[in-house]
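Undergrad: This is start.txt, which holds compact mmCIF, C-alpha atoms:
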# COMPACT_ATOMS: atom_id res chain seq x y z
CA MET A 1 -73.35 375.19 193.07
CA SER A 2 -75.40 378.36 193.26
CA PHE A 3 -76.02 378.66 196.97
CA THR A 4 -74.58 380.23 200.12
CA LEU A 5 -74.05 378.77 203.57
CA THR A 6 -75.99 380.03 206.55
CA GLU A 7 -74.23 380.78 209.82
CA THR A 8 -74.94 377.22 211.00
CA GLY A 9 -73.74 375.77 207.70
CA LEU A 10 -70.54 377.79 207.88
CA GLU A 11 -69.91 376.48 211.40
CA LEU A 12 -70.23 372.88 210.16
CA TYR A 13 -68.01 373.67 207.19
CA ASN A 14 -65.30 375.04 209.47
CA GLN A 15 -65.50 371.95 211.69
CA LEU A 16 -65.10 369.73 208.63
CA LYS A 17 -62.07 371.76 207.57
CA ALA A 18 -60.58 371.37 211.07
CA LEU A 19 -61.07 367.59 210.91
CA ARG A 20 -59.47 367.53 207.47
CA ALA A 21 -56.48 369.48 208.82
CA ASP A 22 -56.10 367.01 211.71
CA ILE A 23 -56.10 364.04 209.31
CA ALA A 24 -53.60 365.73 207.01
CA LYS A 25 -51.31 366.38 209.95
CA GLU A 26 -51.59 362.78 211.14
CA GLU A 27 -50.73 361.41 207.69
CA VAL A 28 -48.26 364.18 206.83
CA ILE A 29 -50.02 365.07 203.59
CA PRO A 30 -51.53 368.29 202.19
CA VAL A 31 -55.14 368.90 203.21
CA TYR A 32 -56.40 368.60 199.64
CA TYR A 33 -55.17 364.99 199.58
CA VAL A 34 -57.97 364.24 202.06
CA PHE A 35 -60.96 366.08 200.53
CA SER A 36 -61.30 369.25 198.47
CA ASN A 37 -63.18 372.35 199.63
CA THR A 38 -65.88 371.43 197.10
CA ALA A 39 -66.33 368.05 198.79
CA LEU A 40 -66.61 369.63 202.23
CA MET A 41 -69.14 372.16 200.94
CA ASP A 42 -71.25 369.36 199.50
CA MET A 43 -71.10 367.53 202.84
CA VAL A 44 -72.63 370.60 204.48
CA VAL A 45 -75.46 370.55 201.94
CA LYS A 46 -76.15 366.80 202.03
CA GLN A 47 -75.20 366.14 205.68
CA PRO A 48 -74.36 362.49 204.95
CA ILE A 49 -74.81 360.17 207.91
CA ASP A 50 -74.48 356.92 205.97
CA GLU A 51 -72.19 355.48 203.31
CA ALA A 52 -74.67 355.80 200.44
CA THR A 53 -75.19 359.52 200.92
CA PHE A 54 -71.50 360.16 201.59
CA LEU A 55 -70.55 358.50 198.29
CA THR A 56 -72.69 360.96 196.35
CA CYS A 57 -70.82 364.00 197.67
CA GLU A 58 -68.76 365.85 195.07
CA LYS A 59 -65.22 364.50 194.53
CA VAL A 60 -65.37 361.87 197.29
CA GLY A 61 -65.39 358.37 195.78
CA GLN A 62 -65.14 354.93 197.36
CA LYS A 63 -61.48 355.32 198.30
CA GLY A 64 -62.21 358.59 200.10
CA TYR A 65 -65.01 356.96 202.04
CA ASP A 66 -62.94 353.89 202.92
CA ARG A 67 -60.09 356.00 204.29
CA TYR A 68 -61.86 358.90 205.98
CA GLY A 69 -65.62 358.57 205.60
CA GLU A 70 -66.53 357.29 209.04
CA ARG A 71 -64.73 360.15 210.81
CA PHE A 72 -66.53 362.78 208.75
CA ILE A 73 -69.88 361.02 209.13
CA TYR A 74 -69.43 360.86 212.91
CA LEU A 75 -68.72 364.61 213.06
CA ILE A 76 -71.76 365.40 210.90
CA ARG A 77 -74.01 363.14 212.99
CA GLN A 78 -72.94 364.84 216.22
CA PHE A 79 -73.30 368.31 214.73
CA THR A 80 -76.78 367.75 213.30
CA LEU A 81 -78.00 366.41 216.64
CA THR A 82 -77.37 369.77 218.30
CA HIS A 83 -77.69 372.27 215.43
CA LYS A 84 -80.85 372.94 213.46
CA GLY A 85 -80.91 374.02 209.83
CA PRO A 86 -81.16 375.51 207.37
CA TYR A 87 -77.52 375.00 206.54
CA TYR A 88 -77.61 376.82 203.23
CA LYS A 89 -79.67 379.18 201.09
CA GLY A 90 -80.42 378.58 197.43
CA THR A 91 -80.69 375.41 195.40
CA PRO A 92 -77.63 373.20 194.83
CA ASP A 93 -77.32 371.76 191.33
CA TYR A 94 -76.87 368.00 191.41
CA SER A 95 -77.36 367.46 187.70
CA LYS A 96 -73.63 367.09 186.98
CA SER A 97 -72.74 365.08 190.07
CA TYR A 98 -75.29 362.32 189.73
CA HIS A 99 -74.78 361.93 185.98
CA SER A 100 -71.09 361.20 186.57
CA PHE A 101 -71.69 359.16 189.73
CA LEU A 102 -74.42 356.80 188.50
CA THR A 103 -74.10 354.19 185.78
CA GLU A 104 -76.35 354.41 182.72
CA GLU A 105 -78.80 351.98 184.36
CA GLY A 106 -78.69 354.05 187.53
CA ARG A 107 -79.56 357.23 185.65
CA ILE A 108 -82.52 355.51 183.96
CA LEU A 109 -83.84 354.30 187.33
CA LEU A 110 -83.38 357.76 188.81
CA GLU A 111 -85.47 359.30 186.02
CA GLN A 112 -88.21 356.73 186.60
CA LEU A 113 -88.24 357.60 190.30
CA LYS A 114 -88.43 361.31 189.47
CA ILE A 115 -91.42 360.75 187.17
CA SER A 116 -93.16 358.74 189.86
CA ARG A 117 -92.41 361.46 192.41
CA LEU A 118 -94.16 364.04 190.23
CA SER A 119 -97.25 361.83 189.94
CA ILE A 120 -97.46 361.15 193.68
CA ALA A 121 -96.89 364.80 194.54
CA ALA A 122 -99.62 365.93 192.11
CA VAL A 123 -102.18 363.52 193.60
CA HIS A 124 -101.47 364.68 197.15
CA ASP A 125 -100.87 368.36 196.26
CA VAL A 126 -97.36 368.29 197.71
CA GLU A 127 -94.16 369.95 196.45
CA PRO A 128 -92.14 367.05 194.92
CA THR A 129 -88.73 368.03 196.28
CA ILE A 130 -90.14 368.65 199.74
CA MET A 131 -91.77 365.23 199.81
CA VAL A 132 -88.50 363.55 198.79
CA ASN A 133 -85.51 365.46 197.44
CA ASP A 134 -83.13 364.51 194.62
CA GLN A 135 -80.41 363.42 197.01
CA THR A 136 -82.73 360.90 198.68
CA LEU A 137 -83.75 359.54 195.27
CA ILE A 138 -80.07 359.02 194.48
CA SER A 139 -79.73 357.11 197.76
CA PHE A 140 -82.61 354.88 196.61
CA VAL A 141 -80.65 354.07 193.45
CA VAL A 142 -77.50 353.31 195.45
CA LEU A 143 -79.13 351.19 198.18
CA LEU A 144 -82.06 349.68 196.19
CA PRO A 145 -84.51 349.25 199.10
CA TYR A 146 -86.89 346.30 198.57
CA SER A 147 -88.87 346.70 201.80
CA ARG A 148 -90.23 349.38 204.11
CA GLU A 149 -87.69 348.32 206.69
CA GLU A 150 -84.85 349.09 204.29
CA MET A 151 -86.54 352.27 203.07
CA VAL A 152 -86.94 353.91 206.49
CA ARG A 153 -83.24 353.48 207.22
CA ILE A 154 -82.33 355.81 204.35
CA TYR A 155 -81.45 359.34 205.34
CA GLY A 156 -83.98 361.81 203.91
CA VAL A 157 -87.05 359.56 204.19
CA THR A 158 -89.23 361.80 206.35
CA LYS A 159 -91.98 360.56 208.64
CA ASP A 160 -94.44 363.13 207.30
CA TYR A 161 -94.39 361.86 203.71
CA ARG A 162 -92.97 358.35 203.65
CA ASP A 163 -96.37 356.60 203.69
CA LEU A 164 -97.26 358.49 200.49
CA TYR A 165 -94.45 357.14 198.36
CA MET A 166 -92.54 354.25 199.99
CA ASP A 167 -94.50 351.35 198.50
CA THR A 168 -94.60 352.91 195.03
CA PHE A 169 -90.86 353.52 194.94
CA ILE A 170 -90.10 350.07 196.35
CA LYS A 171 -92.19 348.48 193.57
CA ILE A 172 -90.44 350.54 190.86
CA ILE A 173 -86.99 349.64 192.21
CA TYR A 174 -87.83 345.94 192.58
CA ASN A 175 -89.32 345.67 189.08
CA PHE A 176 -86.43 347.59 187.52
CA THR A 177 -83.78 345.27 189.04
CA HIS A 178 -85.95 342.12 188.78
CA GLY A 179 -85.33 341.52 192.46
CA PHE A 180 -81.54 341.26 192.13
CA LYS A 181 -79.37 343.73 194.01
CA LYS A 182 -76.72 345.25 191.79
CA ARG A 183 -74.39 348.23 191.84
CA LEU A 184 -75.79 351.13 189.80
CA TYR A 185 -73.03 353.59 190.61
CA HIS A 186 -69.34 353.91 189.82
CA LEU A 187 -66.86 353.03 192.55
CA ASP A 188 -64.15 355.29 191.22
CA MET A 189 -64.48 357.64 188.27
CA PRO A 190 -61.43 357.55 185.96
CA ARG A 191 -59.74 360.89 185.51
CA PRO A 192 -58.64 361.94 182.00
CA ARG A 193 -54.85 361.87 181.67
CA PHE A 194 -52.77 365.04 181.54
CA THR A 195 -50.40 365.01 178.55
CA LEU A 196 -47.63 367.08 176.94
CA THR A 197 -46.23 367.19 173.44
CA LYS A 198 -42.46 366.87 173.00
CA GLU A 199 -42.37 370.49 171.86
CA GLU A 200 -44.17 371.67 175.00
CA ALA A 201 -41.89 369.57 177.19
CA SER A 202 -38.86 371.36 175.78
CA HIS A 203 -40.09 374.61 177.38
CA PHE A 204 -40.07 373.27 180.96
CA ARG A 205 -38.05 375.59 183.23
CA TYR A 206 -35.89 373.40 185.45
CA GLN A 207 -34.65 374.45 188.90
CA GLU A 208 -32.11 372.94 191.26
CA LYS A 209 -34.92 371.73 193.54
CA MET A 210 -38.70 371.84 193.12
CA THR A 211 -41.73 370.70 195.06
CA ALA A 212 -44.43 368.58 193.41
CA THR A 213 -46.72 371.62 193.52
CA ASN A 214 -44.24 373.78 191.63
CA ILE A 215 -43.61 371.04 189.07
CA ALA A 216 -47.35 370.77 188.47
CA LYS A 217 -47.64 374.54 188.01
CA GLU A 218 -44.81 374.55 185.48
CA LEU A 219 -46.33 371.62 183.59
CA ASN A 220 -49.67 373.41 183.40
CA ARG A 221 -47.94 376.58 182.18
CA ILE A 222 -46.42 374.88 179.15
CA ALA A 223 -49.22 372.43 178.28
CA SER A 224 -52.11 372.94 175.89
CA SER A 225 -53.99 369.99 177.43
CA GLU A 226 -57.49 370.77 178.70
CA ILE A 227 -56.72 368.48 181.64
CA THR A 228 -54.59 370.04 184.35
CA CYS A 229 -51.84 368.30 186.29
CA SER A 230 -51.84 368.41 190.09
CA ALA A 231 -49.23 367.70 192.73
CA THR A 232 -51.39 364.70 193.65
CA ASP A 233 -50.92 363.24 190.17
CA ILE A 234 -47.15 363.45 190.59
CA THR A 235 -46.94 362.07 194.13
CA LYS A 236 -49.30 359.20 193.31
CA LEU A 237 -46.96 358.06 190.54
CA VAL A 238 -43.89 358.51 192.73
CA LYS A 239 -45.43 356.51 195.57
CA LYS A 240 -46.72 353.90 193.13
CA TYR A 241 -43.12 353.02 192.36
CA ASP A 242 -42.20 353.03 196.08
CA TYR A 243 -39.78 355.93 195.71
CA TYR A 244 -40.71 357.25 199.15
CA LYS A 245 -43.22 356.92 201.97
CA ASN A 246 -44.30 358.96 204.95
CA GLY A 247 -42.92 357.83 208.28
CA PHE A 248 -43.87 358.67 211.83
CA ASP A 249 -43.30 362.07 213.47
CA ASN A 250 -43.58 364.02 210.20
CA THR A 251 -40.64 362.23 208.60
CA VAL A 252 -40.09 361.13 205.02
CA ILE A 253 -38.39 357.85 204.07
CA ILE A 254 -36.84 357.84 200.60
CA SER A 255 -36.01 354.39 199.22
CA ASP A 256 -32.81 353.54 197.36
CA VAL A 257 -34.66 353.63 194.05
CA GLY A 258 -36.13 356.98 195.07
CA LYS A 259 -32.66 358.36 195.69
CA ALA A 260 -31.56 357.02 192.32
CA PHE A 261 -34.60 358.69 190.76
CA GLY A 262 -33.43 362.00 192.21
CA LEU A 263 -35.64 362.58 195.23
CA LEU A 264 -34.41 364.77 198.06
CA LYS A 265 -35.85 365.69 201.43
CA GLU A 266 -35.68 368.85 203.43
CA SER A 267 -36.57 369.70 207.03
CA ARG A 268 -38.88 372.66 207.53
CA LEU A 269 -40.97 374.34 210.23
CA THR A 270 -44.73 374.75 210.43
CA LYS A 271 -46.36 377.99 211.60
CA ASN A 272 -46.39 376.42 215.06
CA ASN A 273 -42.62 375.82 214.89
CA GLU A 274 -43.05 372.07 214.51
CA HIS A 275 -40.48 370.23 212.39
CA TYR A 276 -41.55 368.24 209.37
CA GLU A 277 -39.83 366.79 206.30
CA MET A 278 -40.92 367.34 202.74
CA VAL A 279 -39.94 365.73 199.44
CA LEU A 280 -38.11 367.80 196.84
CA TYR A 281 -37.26 366.87 193.27
CA SER A 282 -33.82 367.38 191.76
CA LYS A 283 -33.33 368.44 188.12
CA GLU A 284 -32.86 364.79 187.23
CA ALA A 285 -36.17 363.85 188.88
CA GLN A 286 -37.93 366.81 187.25
CA ASN A 287 -36.79 365.64 183.82
CA LYS A 288 -38.02 362.09 184.43
CA ILE A 289 -41.42 363.38 185.58
CA VAL A 290 -41.75 365.52 182.45
CA GLN A 291 -41.07 362.40 180.36
CA TRP A 292 -43.92 360.57 182.13
CA PHE A 293 -46.47 362.97 180.71
CA ILE A 294 -45.27 363.21 177.10
CA ASP A 295 -47.92 361.82 174.79
CA GLN A 296 -46.06 359.25 172.70
Is it possible to give me this structure as C-alpha cells?
TA:
Amino acid sequence: MSFTLTETGLELYNQLKALRADIAKEEVIPVYYVFSNTALMDMVVKQPIDEATFLTCEKVGQKGYDRYGERFIYLIRQFTLTHKGPYYKGTPDYSKSYHSFLTEEGRILLEQLKISRLSIAAVHDVEPTIMVNDQTLISFVVLLPYSREEMVRIYGVTKDYRDLYMDTFIKIIYNFTHGFKKRLYHLDMPRPRFTLTKEEASHFRYQEKMTATNIAKELNRIASSEITCSATDITKLVKKYDYYKNGFDNTVIISDVGKAFGLLKESRLTKNNEHYEMVLYSKEAQNKIVQWFIDQ
C-alpha cells in the first residue's frame, strides 16, 4: 500500500497493536498469530465497524474474525467516535486484496457496480470515489443489500450521497443474484504449500534444541520454493496432531505423543520478569518436521 498514516492514524494503529499484544499474552501465542502488521494497518485505513468490512482487511479471514474480530471492531468503534480523520495520506491499493477475497462472480458484480458508479457520478458531477469508495462497493458485494434499509446499515454509505445511488445499486445487485442471497467471497483462502526436495532437506543444520521460528528460518535457507515456511505452519501441524496445547498461567502441556515426537518445554522470563513456558524441538522432532515438507 502506497500511503502513510497521519498522527491520528498512527495512534489507532498503536492501540490495535496493544490489543493484539494483550490477546497474545492471554493465549500465550506470538503476536503475529493474532493478526499481522499488514492487517492492523489495513484496519486503520478501512476502520471496520462491521463483519463485512472487517473480512475485507488484508490477511484477516473468517477464522480471524470469529476469534478476535469483535474485540478489534469495538476498539475501532470507540476510537472513531472521539477521533476525527484523516487517518492516512495517499491512496491504498485494493486491487490485489479484493481479487483474492471475492469469488469470480463477486468480482464480476464489483465491476458492474464500479461502472454504474462512474455513470451516476458523471450525471451529478461528483467524484466517484468520494460518492462511494471501493471498500464500500466491496461491502455491497459481501452483504448484497436488497433494500434501502439494508443499504443504510452498511459502513461507508454517506448521508450526502446515498440518495443518488442507493436504488440503482440495489437494482443491479438484485438482478445479478436473481433475488437469492449467496456468498460471493471466500471464507478462507488456501495458502500454497511450502515444499523441499530430498537434496535440499539433506542440508538442514540440526541443533540440540530449536524453536519453531528457528526451524522455519533454516527451512527457508535451504529451500528453493517460492513459498516460505513460517513458525505458524509448523505449530499448526504440531497442534493438529495434539502434540501439545497451551495451558493456563503461561504454561505448556505436552501430550505423551508429543513427548514421543520429541517436543520439549523450557521456562523463560519476559521483559517484565514474568515466567512463561515455550515449546522446543529436539533433533528427533526437527528431523520429523523436515520430512513433513519433502515433496514426494
Undergrad: Expressed in Å to a single decimal, how great is the separation between CA of Thr195 (chain A) and CA of Ser225 (chain A)?
TA: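 Atom-to-atom, CA of Thr195 (chain A) to CA of Ser225 (chain A), that is 6.2 Å.
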Undergrad: CA of Tyr88 (chain A) and CA of Glu7 (chain A), how far apart in Å?
TA: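 Value for the CA of Glu7 (chain A)-CA of Tyr88 (chain A) distance: 8.4 Å.
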Undergrad: Looking at A:Gln62, A:Gln291, A:Thr6, A:Thr53, which one is nearest to Ile154 (chain A), with distances taken over only C-alpha atoms?
TA: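 For Ile154 (chain A), the nearest of the candidates is A:Thr53.
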Undergrad: As JSON, what would the box around region 71-79 of chain A look like: edges along x, y and z, 3 Å added on every side, centre and edge lengths in Å to one decimal?
TA:
{"center_x": -69.4, "center_y": 364.2, "center_z": 212.5, "size_x": 15.3, "size_y": 14.2, "size_z": 13.5}
Undergrad: Using all atoms listed in the file, which residue out of A:Ala212, A:Leu264, A:Ala24, A:Leu219 lies closest to Thr197 (chain A)?
TA: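 Under the stated criterion, the closest residue is A:Leu219.
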Undergrad: What's around Asp160 (chain A) at 12 Å? Count only C-alpha atoms, leave out sequence neighbours fewer than 3 positions away in its own chain, and write the answer as JSON, numbers by chain.
TA: {"A": [126, 130, 131, 132, 152, 156, 157, 163, 164, 165, 166]}
Undergrad: For the atom pair CA of Lys182 (chain A) and CA of Arg153 (chain A), what is the interatomic distance in Å to one decimal place?
TA: 18.7 Å
Undergrad: Would you mind telling me which residue in A:Ala39, A:Val45, A:Leu144, A:Ala231 lies nearest to Gly179 (chain A) when using only C-alpha atoms?
TA: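 When distances to Gly179 (chain A) are compared using only C-alpha atoms, the smallest one comes from A:Leu144.
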Undergrad: Using all atoms listed in the file, determine which residues lie at most 7 Å from Ile49 (chain A), disregarding the query and same-chain residues fewer than 4 positions distant; provide the list as a ChimeraX atom specification.
TA: /A:73,76-77
Undergrad: If we count only C-alpha atoms and set the cut-off at 9 Å, which residues sit around region 169-171 of chain A, ignoring sequence neighbours fewer than 5 positions away in its own chain? Please answer as a list in words.
TA: Leu113, Ser116, Arg117, Phe140, Leu144, Pro145, Tyr146, Ser147, Arg148, Met151 and Phe176 of chain A
Undergrad: For Cys229 (chain A), which residue among A:Lys217, A:Asp22, A:Asp134, A:Ile172 is the nearest when counting only C-alpha atoms?
TA: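 That would be A:Lys217, the residue with the smallest distance to Cys229 (chain A).
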Undergrad: Choose the residue, out of A:Asp295, A:Glu58, A:Asp167, A:Glu266, that has the smallest atom-to-atom separation from Ala223 (chain A); count all atoms listed in the file.
TA: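 Counting all atoms listed in the file, the residue closest to Ala223 (chain A) is A:Asp295.
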Undergrad: For Tyr74 (chain A), work out the shell of residues within 12 Å, counting all atoms listed in the file and skipping chain neighbours fewer than 6 positions away, then give it as a compact mmCIF listing (two decimals) with C-alpha atoms, keeping the file's coordinate frame.
TA:
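That gives us result.txt:
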# COMPACT_ATOMS: atom_id res chain seq x y z
CA GLN A 15 -65.50 371.95 211.69
CA LEU A 16 -65.10 369.73 208.63
CA LEU A 19 -61.07 367.59 210.91
CA GLN A 47 -75.20 366.14 205.68
CA PRO A 48 -74.36 362.49 204.95
CA ILE A 49 -74.81 360.17 207.91
CA ASP A 50 -74.48 356.92 205.97
CA GLU A 51 -72.19 355.48 203.31
CA PHE A 54 -71.50 360.16 201.59
CA TYR A 68 -61.86 358.90 205.98
CA THR A 80 -76.78 367.75 213.30
CA LEU A 81 -78.00 366.41 216.64
Undergrad: With only C-alpha atoms as the atoms that count, which of A:Gly64, A:Gly106, A:Gly247, A:Pro30 lies nearest to Ile138 (chain A)?
TA: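 Ranking A:Gly64, A:Gly106, A:Gly247, A:Pro30 by distance to Ile138 (chain A), first place goes to A:Gly106.
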